[in-house]
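Undergrad: Pasting data17.cif here (mmCIF, C-alpha atoms):
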data_final
#
loop_
_atom_site.group_PDB
_atom_site.id
_atom_site.type_symbol
_atom_site.label_atom_id
_atom_site.label_comp_id
_atom_site.auth_asym_id
_atom_site.auth_seq_id
_atom_site.Cartn_x
_atom_site.Cartn_y
_atom_site.Cartn_z
ATOM 1 C CA MET A 1276 -1.379 12.270 -14.014
ATOM 2 C CA LYS A 1277 -2.712 12.201 -10.468
ATOM 3 C CA ASN A 1278 -0.583 13.333 -7.528
ATOM 4 C CA ILE A 1279 -0.698 10.588 -4.896
ATOM 5 C CA ALA A 1280 0.616 10.977 -1.356
ATOM 6 C CA ILE A 1281 1.785 7.652 0.104
ATOM 7 C CA LEU A 1282 1.422 8.195 3.829
ATOM 8 C CA ALA A 1283 3.835 6.171 5.971
ATOM 9 C CA GLY A 1284 5.352 6.026 9.444
ATOM 10 C CA GLY A 1285 3.024 6.803 12.313
ATOM 11 C CA ASN A 1286 3.274 6.701 16.079
ATOM 12 C CA SER A 1287 3.201 2.998 16.897
ATOM 13 C CA GLY A 1288 5.483 -0.006 17.130
ATOM 14 C CA GLU A 1289 4.618 -0.743 13.508
ATOM 15 C CA TYR A 1290 6.557 2.274 12.190
ATOM 16 C CA GLU A 1291 9.276 0.282 10.400
ATOM 17 C CA ILE A 1292 6.770 -2.111 8.827
ATOM 18 C CA SER A 1293 4.815 0.876 7.538
ATOM 19 C CA LEU A 1294 7.939 2.190 5.806
ATOM 20 C CA LYS A 1295 8.438 -1.159 4.074
ATOM 21 C CA THR A 1296 4.787 -1.230 3.001
ATOM 22 C CA ALA A 1297 5.034 2.307 1.624
ATOM 23 C CA ASP A 1298 8.272 1.553 -0.236
ATOM 24 C CA ASN A 1299 6.676 -1.456 -1.915
ATOM 25 C CA ILE A 1300 3.593 0.533 -2.940
ATOM 26 C CA TYR A 1301 5.793 3.355 -4.245
ATOM 27 C CA ASN A 1302 7.813 0.921 -6.340
ATOM 28 C CA VAL A 1303 4.856 -0.897 -7.928
ATOM 29 C CA LEU A 1304 2.617 2.135 -8.491
ATOM 30 C CA ASP A 1305 1.911 2.814 -12.173
ATOM 31 C CA LYS A 1306 4.059 5.886 -12.911
ATOM 32 C CA ASP A 1307 2.176 6.423 -16.210
ATOM 33 C CA LYS A 1308 -0.979 7.149 -14.218
ATOM 34 C CA PHE A 1309 0.271 8.519 -10.907
ATOM 35 C CA THR A 1310 3.000 10.765 -9.535
ATOM 36 C CA PRO A 1311 3.722 9.364 -6.049
ATOM 37 C CA TYR A 1312 5.163 11.348 -3.131
ATOM 38 C CA LEU A 1313 6.311 9.463 -0.030
ATOM 39 C CA ILE A 1314 5.120 11.423 3.024
ATOM 40 C CA LEU A 1315 6.506 10.426 6.417
ATOM 41 C CA VAL A 1316 4.649 10.985 9.673
ATOM 42 C CA GLN A 1317 6.659 11.169 12.902
ATOM 43 C CA GLY A 1318 4.501 12.649 15.639
ATOM 44 C CA VAL A 1319 3.690 16.240 14.679
ATOM 45 C CA GLU A 1320 6.216 16.194 11.847
ATOM 46 C CA TRP A 1321 4.784 15.386 8.436
ATOM 47 C CA PHE A 1322 7.405 15.745 5.753
ATOM 48 C CA TYR A 1323 8.611 14.904 2.266
ATOM 49 C CA THR A 1324 12.303 14.290 1.550
ATOM 50 C CA ASP A 1325 13.449 15.686 -1.804
ATOM 51 C CA ASN A 1326 16.217 14.321 -4.030
ATOM 52 C CA SER A 1327 18.865 16.327 -2.163
ATOM 53 C CA GLY A 1328 17.827 14.810 1.164
ATOM 54 C CA GLN A 1329 16.140 17.978 2.426
ATOM 55 C CA LYS A 1330 13.075 17.489 4.607
ATOM 56 C CA ILE A 1331 10.154 19.651 3.541
ATOM 57 C CA GLN A 1332 7.273 19.997 5.965
ATOM 58 C CA LEU A 1333 3.709 19.677 4.695
ATOM 59 C CA ASP A 1334 1.193 22.431 5.251
ATOM 60 C CA ARG A 1335 -1.271 20.670 7.542
ATOM 61 C CA ASN A 1336 -3.917 23.336 6.906
ATOM 62 C CA ASP A 1337 -4.636 21.788 3.496
ATOM 63 C CA PHE A 1338 -2.197 18.842 3.285
ATOM 64 C CA SER A 1339 -0.126 20.471 0.551
ATOM 65 C CA LEU A 1340 3.574 20.551 -0.228
ATOM 66 C CA LEU A 1341 5.666 23.496 -1.414
ATOM 67 C CA LEU A 1342 8.535 22.436 -3.671
ATOM 68 C CA GLY A 1343 10.389 25.587 -4.669
ATOM 69 C CA SER A 1344 7.716 27.840 -6.126
ATOM 70 C CA ASP A 1345 5.398 24.909 -6.925
ATOM 71 C CA LYS A 1346 2.540 24.058 -4.590
ATOM 72 C CA ILE A 1347 1.720 20.353 -4.779
ATOM 73 C CA SER A 1348 -1.848 19.404 -3.914
ATOM 74 C CA PHE A 1349 -2.824 15.752 -3.788
ATOM 75 C CA ASP A 1350 -5.603 14.097 -5.759
ATOM 76 C CA ALA A 1351 -5.654 11.155 -3.326
ATOM 77 C CA VAL A 1352 -3.780 9.691 -0.371
ATOM 78 C CA PHE A 1353 -2.691 6.071 -0.126
ATOM 79 C CA ILE A 1354 -2.682 5.442 3.624
ATOM 80 C CA ALA A 1355 0.103 2.977 4.467
ATOM 81 C CA ILE A 1356 0.339 3.645 8.221
ATOM 82 C CA HIS A 1357 -0.275 0.567 10.363
ATOM 83 C CA GLY A 1358 -1.584 1.431 13.799
ATOM 84 C CA THR A 1359 -2.129 4.981 15.014
ATOM 85 C CA PRO A 1360 -2.894 7.478 13.485
ATOM 86 C CA GLY A 1361 -3.425 5.789 10.115
ATOM 87 C CA GLU A 1362 -5.496 2.728 10.959
ATOM 88 C CA ASN A 1363 -7.718 3.973 13.775
ATOM 89 C CA GLY A 1364 -9.735 6.666 11.979
ATOM 90 C CA LYS A 1365 -7.712 9.751 12.921
ATOM 91 C CA PHE A 1366 -6.216 10.475 9.509
ATOM 92 C CA GLN A 1367 -9.430 9.338 7.838
ATOM 93 C CA GLY A 1368 -11.368 12.031 9.711
ATOM 94 C CA TYR A 1369 -8.742 14.631 8.835
ATOM 95 C CA PHE A 1370 -8.898 13.846 5.115
ATOM 96 C CA GLU A 1371 -12.703 13.724 5.175
ATOM 97 C CA MET A 1372 -12.781 17.256 6.601
ATOM 98 C CA LEU A 1373 -10.396 18.447 3.884
ATOM 99 C CA GLY A 1374 -12.308 16.619 1.148
ATOM 100 C CA ILE A 1375 -9.238 14.677 0.001
ATOM 101 C CA PRO A 1376 -9.910 11.114 -1.241
ATOM 102 C CA TYR A 1377 -7.996 8.318 0.487
ATOM 103 C CA THR A 1378 -7.659 4.563 0.171
ATOM 104 C CA GLY A 1379 -9.267 2.104 2.545
ATOM 105 C CA CYS A 1380 -11.998 2.220 5.153
ATOM 106 C CA ASP A 1381 -13.677 5.403 6.353
ATOM 107 C CA MET A 1382 -13.242 7.002 9.762
ATOM 108 C CA PHE A 1383 -16.051 5.117 11.532
ATOM 109 C CA THR A 1384 -15.141 1.668 10.202
ATOM 110 C CA SER A 1385 -11.453 2.244 10.944
ATOM 111 C CA ALA A 1386 -12.153 3.282 14.537
ATOM 112 C CA ILE A 1387 -14.487 0.361 15.287
ATOM 113 C CA THR A 1388 -12.337 -2.325 13.676
ATOM 114 C CA PHE A 1389 -9.153 -1.051 15.329
ATOM 115 C CA ASN A 1390 -10.570 -1.711 18.795
ATOM 116 C CA LYS A 1391 -10.384 -5.483 19.167
ATOM 117 C CA TYR A 1392 -13.136 -5.818 21.764
ATOM 118 C CA PHE A 1393 -15.745 -3.569 20.163
ATOM 119 C CA CYS A 1394 -14.973 -5.101 16.762
ATOM 120 C CA ASN A 1395 -15.685 -8.532 18.255
ATOM 121 C CA ILE A 1396 -19.033 -7.335 19.586
ATOM 122 C CA ALA A 1397 -20.020 -6.065 16.140
ATOM 123 C CA VAL A 1398 -18.866 -9.194 14.277
ATOM 124 C CA SER A 1399 -20.627 -11.536 16.729
ATOM 125 C CA ASN A 1400 -23.940 -10.028 15.568
ATOM 126 C CA PHE A 1401 -23.333 -11.414 12.067
ATOM 127 C CA GLY A 1402 -23.481 -15.042 13.228
ATOM 128 C CA ILE A 1403 -19.708 -15.525 13.036
ATOM 129 C CA PRO A 1404 -18.070 -17.472 15.904
ATOM 130 C CA ILE A 1405 -15.828 -15.490 18.255
ATOM 131 C CA ALA A 1406 -13.973 -16.540 21.406
ATOM 132 C CA PRO A 1407 -15.375 -15.539 24.827
ATOM 133 C CA SER A 1408 -13.669 -12.410 26.114
ATOM 134 C CA ILE A 1409 -13.814 -9.745 28.806
ATOM 135 C CA HIS A 1410 -12.931 -6.045 28.633
ATOM 136 C CA TYR A 1411 -11.326 -3.674 31.151
ATOM 137 C CA TYR A 1412 -10.321 -0.038 31.221
ATOM 138 C CA LYS A 1413 -7.136 0.881 33.057
ATOM 139 C CA ASP A 1414 -8.917 2.467 36.028
ATOM 140 C CA GLU A 1415 -11.313 -0.461 36.544
ATOM 141 C CA ALA A 1416 -10.935 -3.028 39.286
ATOM 142 C CA ILE A 1417 -9.908 -6.368 37.795
ATOM 143 C CA ASN A 1418 -12.195 -9.255 38.764
ATOM 144 C CA PHE A 1419 -9.918 -12.261 38.384
ATOM 145 C CA GLU A 1420 -12.672 -14.723 39.295
ATOM 146 C CA ASN A 1421 -14.767 -13.474 36.357
ATOM 147 C CA ILE A 1422 -11.793 -13.742 34.022
ATOM 148 C CA ILE A 1423 -11.107 -17.349 34.987
ATOM 149 C CA ASP A 1424 -14.814 -18.293 34.774
ATOM 150 C CA ARG A 1425 -15.197 -16.748 31.307
ATOM 151 C CA CYS A 1426 -11.803 -17.326 29.695
ATOM 152 C CA GLY A 1427 -9.916 -19.895 31.778
ATOM 153 C CA PHE A 1428 -6.268 -20.781 31.151
ATOM 154 C CA PRO A 1429 -4.520 -20.383 28.857
ATOM 155 C CA CYS A 1430 -5.862 -17.039 27.694
ATOM 156 C CA PHE A 1431 -4.627 -14.066 25.705
ATOM 157 C CA ILE A 1432 -4.263 -10.536 27.061
ATOM 158 C CA LYS A 1433 -4.405 -7.924 24.300
ATOM 159 C CA PRO A 1434 -4.300 -4.125 24.266
ATOM 160 C CA CYS A 1435 -7.543 -3.157 22.528
ATOM 161 C CA ASN A 1436 -5.943 -0.561 20.244
ATOM 162 C CA SER A 1437 -2.653 -2.037 19.121
ATOM 163 C CA GLY A 1438 -1.486 -3.832 15.986
ATOM 164 C CA SER A 1439 1.150 -6.413 15.024
ATOM 165 C CA SER A 1440 0.604 -8.231 18.346
ATOM 166 C CA VAL A 1441 2.430 -5.442 20.185
ATOM 167 C CA GLY A 1442 1.777 -5.870 23.920
ATOM 168 C CA VAL A 1443 -0.027 -9.212 23.466
ATOM 169 C CA THR A 1444 0.809 -12.020 25.890
ATOM 170 C CA LYS A 1445 -0.448 -15.529 26.591
ATOM 171 C CA ALA A 1446 -1.137 -16.476 30.193
ATOM 172 C CA HIS A 1447 -1.048 -20.062 31.479
ATOM 173 C CA ASN A 1448 -1.541 -19.209 35.148
ATOM 174 C CA MET A 1449 -2.449 -16.393 37.518
ATOM 175 C CA GLU A 1450 1.087 -15.001 37.709
ATOM 176 C CA GLU A 1451 1.299 -14.672 33.924
ATOM 177 C CA LEU A 1452 -2.197 -13.190 33.799
ATOM 178 C CA ILE A 1453 -1.255 -10.414 36.238
ATOM 179 C CA SER A 1454 1.975 -9.752 34.350
ATOM 180 C CA GLY A 1455 0.152 -9.751 30.997
ATOM 181 C CA ILE A 1456 -2.414 -7.234 32.214
ATOM 182 C CA ASP A 1457 0.387 -4.928 33.323
ATOM 183 C CA THR A 1458 2.093 -5.313 29.929
ATOM 184 C CA ALA A 1459 -1.077 -4.602 27.942
ATOM 185 C CA PHE A 1460 -1.808 -1.443 29.927
ATOM 186 C CA GLN A 1461 1.623 -0.128 28.974
ATOM 187 C CA TYR A 1462 0.353 0.130 25.382
ATOM 188 C CA ASP A 1463 -3.293 1.130 25.815
ATOM 189 C CA ASN A 1464 -5.762 2.300 28.450
ATOM 190 C CA GLN A 1465 -8.077 -0.645 27.744
ATOM 191 C CA LEU A 1466 -7.506 -4.335 27.188
ATOM 192 C CA MET A 1467 -9.292 -7.502 26.180
ATOM 193 C CA ILE A 1468 -8.748 -10.889 27.795
ATOM 194 C CA GLU A 1469 -9.727 -13.663 25.400
ATOM 195 C CA LYS A 1470 -10.195 -17.405 25.791
ATOM 196 C CA PHE A 1471 -7.558 -19.476 23.991
ATOM 197 C CA ILE A 1472 -9.040 -21.409 21.070
ATOM 198 C CA PRO A 1473 -6.722 -24.203 19.900
ATOM 199 C CA GLY A 1474 -6.333 -24.557 16.173
ATOM 200 C CA ARG A 1475 -4.592 -23.338 13.017
ATOM 201 C CA GLU A 1476 -4.299 -19.661 12.145
ATOM 202 C CA MET A 1477 -5.897 -18.675 8.849
ATOM 203 C CA THR A 1478 -6.157 -15.303 7.161
ATOM 204 C CA CYS A 1479 -8.184 -14.126 4.187
ATOM 205 C CA GLY A 1480 -7.673 -10.958 2.177
ATOM 206 C CA VAL A 1481 -10.731 -9.190 0.769
ATOM 207 C CA ALA A 1482 -10.732 -6.405 -1.800
ATOM 208 C CA THR A 1483 -13.106 -4.584 -4.096
ATOM 209 C CA ILE A 1484 -12.045 -5.615 -7.607
ATOM 210 C CA LYS A 1485 -13.851 -4.020 -10.563
ATOM 211 C CA GLY A 1486 -16.625 -3.000 -8.203
ATOM 212 C CA ILE A 1487 -17.134 -6.499 -6.749
ATOM 213 C CA VAL A 1488 -16.225 -7.465 -3.170
ATOM 214 C CA THR A 1489 -13.852 -10.376 -3.675
ATOM 215 C CA PRO A 1490 -12.211 -12.697 -1.113
ATOM 216 C CA LEU A 1491 -8.678 -13.193 -2.420
ATOM 217 C CA ALA A 1492 -7.399 -16.440 -0.923
ATOM 218 C CA VAL A 1493 -7.012 -18.249 2.395
ATOM 219 C CA THR A 1494 -3.463 -18.378 3.773
ATOM 220 C CA GLU A 1495 -2.341 -20.522 6.694
ATOM 221 C CA VAL A 1496 0.054 -18.759 9.062
ATOM 222 C CA LYS A 1497 2.465 -21.218 10.663
ATOM 223 C CA SER A 1498 4.478 -19.699 13.498
ATOM 224 C CA LYS A 1499 7.465 -21.362 15.107
ATOM 225 C CA LYS A 1500 6.622 -19.458 18.285
ATOM 226 C CA GLU A 1501 3.856 -20.537 20.673
ATOM 227 C CA TYR A 1502 1.634 -17.962 19.025
ATOM 228 C CA TYR A 1503 1.825 -15.437 16.176
ATOM 229 C CA ASP A 1504 3.564 -12.620 18.064
ATOM 230 C CA TYR A 1505 5.563 -9.608 16.832
ATOM 231 C CA GLN A 1506 8.803 -11.589 16.586
ATOM 232 C CA ALA A 1507 7.142 -14.348 14.568
ATOM 233 C CA LYS A 1508 5.591 -11.810 12.204
ATOM 234 C CA TYR A 1509 8.713 -9.824 11.389
ATOM 235 C CA THR A 1510 11.781 -11.983 12.126
ATOM 236 C CA PRO A 1511 13.039 -14.184 9.258
ATOM 237 C CA GLY A 1512 12.822 -17.891 9.986
ATOM 238 C CA TYR A 1513 9.971 -17.752 12.502
ATOM 239 C CA LEU A 1514 7.111 -17.889 10.030
ATOM 240 C CA GLU A 1515 5.782 -19.976 7.158
ATOM 241 C CA LEU A 1516 2.934 -18.711 4.971
ATOM 242 C CA VAL A 1517 1.026 -21.304 2.948
ATOM 243 C CA THR A 1518 -1.148 -19.971 0.107
ATOM 244 C CA PRO A 1519 -3.570 -21.531 -0.544
ATOM 245 C CA ALA A 1520 -4.065 -23.099 2.871
ATOM 246 C CA ASP A 1521 -4.191 -26.894 2.958
ATOM 247 C CA ILE A 1522 -7.856 -27.145 3.918
ATOM 248 C CA ASP A 1523 -10.891 -28.729 2.306
ATOM 249 C CA LYS A 1524 -13.051 -26.768 -0.126
ATOM 250 C CA SER A 1525 -16.017 -26.411 2.249
ATOM 251 C CA THR A 1526 -13.804 -24.893 4.974
ATOM 252 C CA GLU A 1527 -12.166 -22.536 2.472
ATOM 253 C CA ASP A 1528 -15.615 -21.476 1.235
ATOM 254 C CA LYS A 1529 -16.803 -20.870 4.816
ATOM 255 C CA ILE A 1530 -13.810 -18.634 5.630
ATOM 256 C CA LYS A 1531 -14.328 -16.691 2.398
ATOM 257 C CA GLU A 1532 -18.065 -16.402 3.112
ATOM 258 C CA TYR A 1533 -17.417 -15.059 6.611
ATOM 259 C CA SER A 1534 -14.793 -12.659 5.253
ATOM 260 C CA GLU A 1535 -17.134 -11.248 2.627
ATOM 261 C CA ILE A 1536 -19.868 -10.809 5.249
ATOM 262 C CA VAL A 1537 -17.513 -8.965 7.598
ATOM 263 C CA PHE A 1538 -16.208 -6.746 4.786
ATOM 264 C CA LYS A 1539 -19.710 -5.737 3.688
ATOM 265 C CA LYS A 1540 -21.380 -5.463 7.103
ATOM 266 C CA MET A 1541 -18.535 -3.446 8.619
ATOM 267 C CA GLY A 1542 -18.521 -1.084 5.622
ATOM 268 C CA CYS A 1543 -14.938 -1.859 4.599
ATOM 269 C CA LYS A 1544 -13.311 -0.446 1.483
ATOM 270 C CA GLY A 1545 -10.075 -1.026 -0.389
ATOM 271 C CA VAL A 1546 -8.241 -4.135 0.785
ATOM 272 C CA VAL A 1547 -8.396 -5.672 4.262
ATOM 273 C CA ARG A 1548 -7.200 -8.895 5.854
ATOM 274 C CA ILE A 1549 -9.352 -10.913 8.243
ATOM 275 C CA ASP A 1550 -7.780 -13.405 10.659
ATOM 276 C CA TYR A 1551 -9.252 -16.617 12.085
ATOM 277 C CA ILE A 1552 -8.421 -19.616 14.243
ATOM 278 C CA LEU A 1553 -9.610 -22.832 12.599
ATOM 279 C CA THR A 1554 -10.482 -25.420 15.244
ATOM 280 C CA PRO A 1555 -9.804 -29.161 14.760
ATOM 281 C CA GLU A 1556 -13.568 -29.505 14.212
ATOM 282 C CA GLY A 1557 -13.327 -27.148 11.222
ATOM 283 C CA ILE A 1558 -14.960 -24.078 12.815
ATOM 284 C CA PRO A 1559 -13.360 -20.706 11.910
ATOM 285 C CA PHE A 1560 -13.300 -18.368 14.929
ATOM 286 C CA PHE A 1561 -12.927 -14.693 14.028
ATOM 287 C CA LEU A 1562 -9.845 -12.966 15.489
ATOM 288 C CA GLU A 1563 -9.570 -9.477 13.989
ATOM 289 C CA ILE A 1564 -9.764 -7.228 10.942
ATOM 290 C CA ASN A 1565 -6.637 -5.519 9.601
ATOM 291 C CA THR A 1566 -7.906 -2.538 7.612
ATOM 292 C CA ILE A 1567 -4.375 -1.556 6.522
ATOM 293 C CA PRO A 1568 -2.653 -4.932 6.236
ATOM 294 C CA GLY A 1569 1.069 -5.220 5.686
ATOM 295 C CA GLN A 1570 1.915 -4.888 2.015
ATOM 296 C CA THR A 1571 5.644 -5.375 1.808
ATOM 297 C CA ALA A 1572 6.779 -7.512 -1.120
ATOM 298 C CA MET A 1573 6.701 -10.573 1.166
ATOM 299 C CA SER A 1574 3.442 -9.780 2.992
ATOM 300 C CA ILE A 1575 0.306 -11.891 2.826
ATOM 301 C CA ILE A 1576 -1.830 -9.616 0.607
ATOM 302 C CA PRO A 1577 0.711 -9.372 -2.266
ATOM 303 C CA ARG A 1578 1.170 -13.165 -2.061
ATOM 304 C CA GLN A 1579 -2.593 -13.716 -2.365
ATOM 305 C CA VAL A 1580 -2.839 -11.257 -5.264
ATOM 306 C CA LYS A 1581 -0.023 -13.111 -7.034
ATOM 307 C CA PHE A 1582 -1.698 -16.472 -6.374
ATOM 308 C CA LEU A 1583 -4.817 -15.218 -8.187
ATOM 309 C CA ASN A 1584 -2.678 -14.075 -11.139
ATOM 310 C CA ILE A 1585 -3.800 -10.486 -10.643
ATOM 311 C CA ASN A 1586 -1.275 -7.928 -11.843
ATOM 312 C CA ILE A 1587 -0.034 -6.176 -8.702
ATOM 313 C CA VAL A 1588 0.379 -2.847 -10.541
ATOM 314 C CA ASP A 1589 -3.251 -2.999 -11.703
ATOM 315 C CA PHE A 1590 -4.351 -4.038 -8.197
ATOM 316 C CA TYR A 1591 -2.938 -0.906 -6.580
ATOM 317 C CA SER A 1592 -4.252 1.266 -9.397
ATOM 318 C CA GLU A 1593 -7.742 -0.095 -8.670
ATOM 319 C CA LEU A 1594 -7.437 0.811 -4.989
ATOM 320 C CA ILE A 1595 -6.595 4.412 -5.898
ATOM 321 C CA PHE A 1596 -9.317 4.694 -8.530
ATOM 322 C CA GLU A 1597 -11.829 3.328 -6.004
ATOM 323 C CA ALA A 1598 -10.835 6.130 -3.634
ATOM 324 C CA LEU A 1599 -11.094 8.767 -6.386
ATOM 325 C CA ASN A 1600 -14.496 7.507 -7.561
ATOM 326 C CA ASN A 1601 -16.014 7.292 -4.079
ATOM 327 C CA ASN A 1602 -15.276 10.923 -3.182
#
Would you mind writing the file's structure down as structure tokens?

TA:
Amino acid sequence: MKNIAILAGGNSGEYEISLKTADNIYNVLDKDKFTPYLILVQGVEWFYTDNSGQKIQLDRNDFSLLLGSDKISFDAVFIAIHGTPGENGKFQGYFEMLGIPYTGCDMFTSAITFNKYFCNIAVSNFGIPIAPSIHYYKDEAINFENIIDRCGFPCFIKPCNSGSSVGVTKAHNMEELISGIDTAFQYDNQLMIEKFIPGREMTCGVATIKGIVTPLAVTEVKSKKEYYDYQAKYTPGYLELVTPADIDKSTEDKIKEYSEIVFKKMGCKGVVRIDYILTPEGIPFFLEINTIPGQTAMSIIPRQVKFLNINIVDFYSELIFEALNNN
């Protein structure tokens, strides 16, 4: 029996979604192989809640837990924190220093993929289409003429280091552009302004299954909002997920090919989700990599796993064994 810490919470707007992801993983984890402990992170508080409801703080010197006279050390950590500090490399670096195995991408890959702009630069080198964009830090002077020349209207304004579309706006004119820049800088000290590419939103999960990098399926994300924002993602009735996507075989194969390339070239591990915009001409434009995708019971990854008739209990066991075997 391996002691597994399921790490949830975090310090971002995705806190509640992380709790739902962690609950789902806790429920489906094979209890004959693993003893799971749900560990919540709220700022500097990292704690476990026992059966009586008492909060017990972890010892951050070695990431251990004292339950009565028993010291619980963890064989591996299942990172289920979306956003900071679980998806941007911070916890990955901490666990690497302690020598504790963890699921998912390593510190470097997590940090690069979490920053939307620098991730785009890396992915563009693999021959995968990306939308034109421009990058600014908070203390830089904004050159609006350059933005309009490169991105035009409409365009998206995105905090570089933010998930679940938090702080993302779509600008149709100069007034909305200025407002969107102000909004994005409320969530991060750098932003990316990206040209709007019309089309259908597609997403493809990729996982290492029995040692083989495997694209899972292509799902079409149909939002009832103008774009796939936070409300569309997490409010019932705003979203339709179609798995498999209603696209021709050659387009499906191209999205899977791109996804496998990105997974391998970016050094991903575990399970990730890669998002695209599919143009009317059938060209998939890369949007972003989610290295800790939502995994609630209704999330895209569990749906794709179910579509492939893969046992979800075995799927999560494989992710943990991958972490144990790679450390």

Undergrad: With the file shown as input, list the residues that the PyMOL selection byres ((chain A and resi 1280) around 7) selects, as a PDB file with C-alpha atoms, keeping the file's coordinate frame.

TA:
ATOM      1  CA  ASN A1278      -0.583  13.333  -7.528  1.00  0.00           C
ATOM      2  CA  ILE A1279      -0.698  10.588  -4.896  1.00  0.00           C
ATOM      3  CA  ILE A1281       1.785   7.652   0.104  1.00  0.00           C
ATOM      4  CA  LEU A1282       1.422   8.195   3.829  1.00  0.00           C
ATOM      5  CA  PRO A1311       3.722   9.364  -6.049  1.00  0.00           C
ATOM      6  CA  TYR A1312       5.163  11.348  -3.131  1.00  0.00           C
ATOM      7  CA  LEU A1313       6.311   9.463  -0.030  1.00  0.00           C
ATOM      8  CA  ILE A1314       5.120  11.423   3.024  1.00  0.00           C
ATOM      9  CA  PHE A1349      -2.824  15.752  -3.788  1.00  0.00           C
ATOM     10  CA  ALA A1351      -5.654  11.155  -3.326  1.00  0.00           C
ATOM     11  CA  VAL A1352      -3.780   9.691  -0.371  1.00  0.00           C
ATOM     12  CA  PHE A1353      -2.691   6.071  -0.126  1.00  0.00           C
TER      13      PHE A1353
END

Undergrad: Kindly resolve the PyMOL selection byres ((chain A and resi 1339) around 12) on the present coordinates and return the residues as an NGL selection string.

TA: :A and (1278-1280 or 1312 or 1314 or 1321-1323 or 1331-1338 or 1340-1342 or 1345-1352 or 1370 or 1373 or 1375)

Undergrad: I need the chosen residues saved as a short mmCIF file (atom, residue, chain, number, x, y, z; two decimals), in the coordinates of the input, with C-alpha atoms.

TA:
data_model
loop_
_atom_site.label_atom_id
_atom_site.label_comp_id
_atom_site.auth_asym_id
_atom_site.auth_seq_id
_atom_site.Cartn_x
_atom_site.Cartn_y
_atom_site.Cartn_z
CA ASN A 1278 -0.58 13.33 -7.53
CA ILE A 1279 -0.70 10.59 -4.90
CA ALA A 1280 0.62 10.98 -1.36
CA TYR A 1312 5.16 11.35 -3.13
CA ILE A 1314 5.12 11.42 3.02
CA TRP A 1321 4.78 15.39 8.44
CA PHE A 1322 7.40 15.74 5.75
CA TYR A 1323 8.61 14.90 2.27
CA ILE A 1331 10.15 19.65 3.54
CA GLN A 1332 7.27 20.00 5.96
CA LEU A 1333 3.71 19.68 4.70
CA ASP A 1334 1.19 22.43 5.25
CA ARG A 1335 -1.27 20.67 7.54
CA ASN A 1336 -3.92 23.34 6.91
CA ASP A 1337 -4.64 21.79 3.50
CA PHE A 1338 -2.20 18.84 3.28
CA LEU A 1340 3.57 20.55 -0.23
CA LEU A 1341 5.67 23.50 -1.41
CA LEU A 1342 8.54 22.44 -3.67
CA ASP A 1345 5.40 24.91 -6.92
CA LYS A 1346 2.54 24.06 -4.59
CA ILE A 1347 1.72 20.35 -4.78
CA SER A 1348 -1.85 19.40 -3.91
CA PHE A 1349 -2.82 15.75 -3.79
CA ASP A 1350 -5.60 14.10 -5.76
CA ALA A 1351 -5.65 11.16 -3.33
CA VAL A 1352 -3.78 9.69 -0.37
CA PHE A 1370 -8.90 13.85 5.12
CA LEU A 1373 -10.40 18.45 3.88
CA ILE A 1375 -9.24 14.68 0.00
#

Undergrad: What's the 9 Å shell around Glu1362 in chain A, counting all atoms listed in the file, without same-chain residues fewer than 4 positions away, as a ChimeraX atom specification?

TA: /A:1354-1358,1366-1367,1380,1382,1385-1386,1388-1389,1565-1567

Undergrad: So how many Å separate CA of Pro1473 in chain A and CA of Pro1559 in chain A, to one decimal?

TA: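 That distance, rounded to one decimal, is 11.0 Å.
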
Undergrad: In Å to one decimal, how far is CA of Asp1381 in chain A from CA of Leu1583 in chain A?

TA: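 Here the two named atoms are 26.7 Å from each other.
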
Undergrad: What's the separation between CA of Leu1562 in chain A and CA of Glu1415 in chain A, in Å to one decimal place?

TA: 24.5 Å

Undergrad: Can you work out which one of A:Lys1330, A:Arg1548, A:Lys1295, A:His1447 has the shortest atom-to-atom distance to Thr1571 in chain A, counting only C-alpha atoms?

TA: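 Among the listed residues, the smallest separation from Thr1571 in chain A belongs to A:Lys1295.
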
Undergrad: Quick one: which residues end up in the PyMOL selection byres ((chain A and resi 1456) around 9) for this structure, as a compact mmCIF listing (two decimals) with C-alpha atoms, in the coordinates of the input?

TA:
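Final output, result-v9.txt:
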# COMPACT_ATOMS: atom_id res chain seq x y z
CA ILE A 1432 -4.26 -10.54 27.06
CA LYS A 1433 -4.40 -7.92 24.30
CA PRO A 1434 -4.30 -4.12 24.27
CA THR A 1444 0.81 -12.02 25.89
CA GLU A 1451 1.30 -14.67 33.92
CA LEU A 1452 -2.20 -13.19 33.80
CA ILE A 1453 -1.25 -10.41 36.24
CA SER A 1454 1.98 -9.75 34.35
CA GLY A 1455 0.15 -9.75 31.00
CA ASP A 1457 0.39 -4.93 33.32
CA THR A 1458 2.09 -5.31 29.93
CA ALA A 1459 -1.08 -4.60 27.94
CA PHE A 1460 -1.81 -1.44 29.93
CA GLN A 1461 1.62 -0.13 28.97
CA LEU A 1466 -7.51 -4.34 27.19
CA ILE A 1468 -8.75 -10.89 27.80

Undergrad: For Lys1391 in chain A, find every residue with an atom within 8 Å (counting only C-alpha atoms), except residues of its own chain fewer than 4 positions away, and show them as a VMD selection string.

TA: chain A and resid 1395 1435 to 1436 1467 1563

Undergrad: Of the candidates A:Ile1484, A:Val1316, A:Ile1564, A:Ile1396, which one gets nearest to Ser1592 in chain A if we count all atoms listed in the file?

TA: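 Ranking A:Ile1484, A:Val1316, A:Ile1564, A:Ile1396 by distance to Ser1592 in chain A, first place goes to A:Ile1484.
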
Undergrad: Could you give me, as a PyMOL selection string, the residues that sit within 10 Å of (-13.6, -5.1, 31.8) in the file's coordinates, counting all atoms listed in the file?

TA: chain A and resi 1408-1418+1421-1422+1465-1468
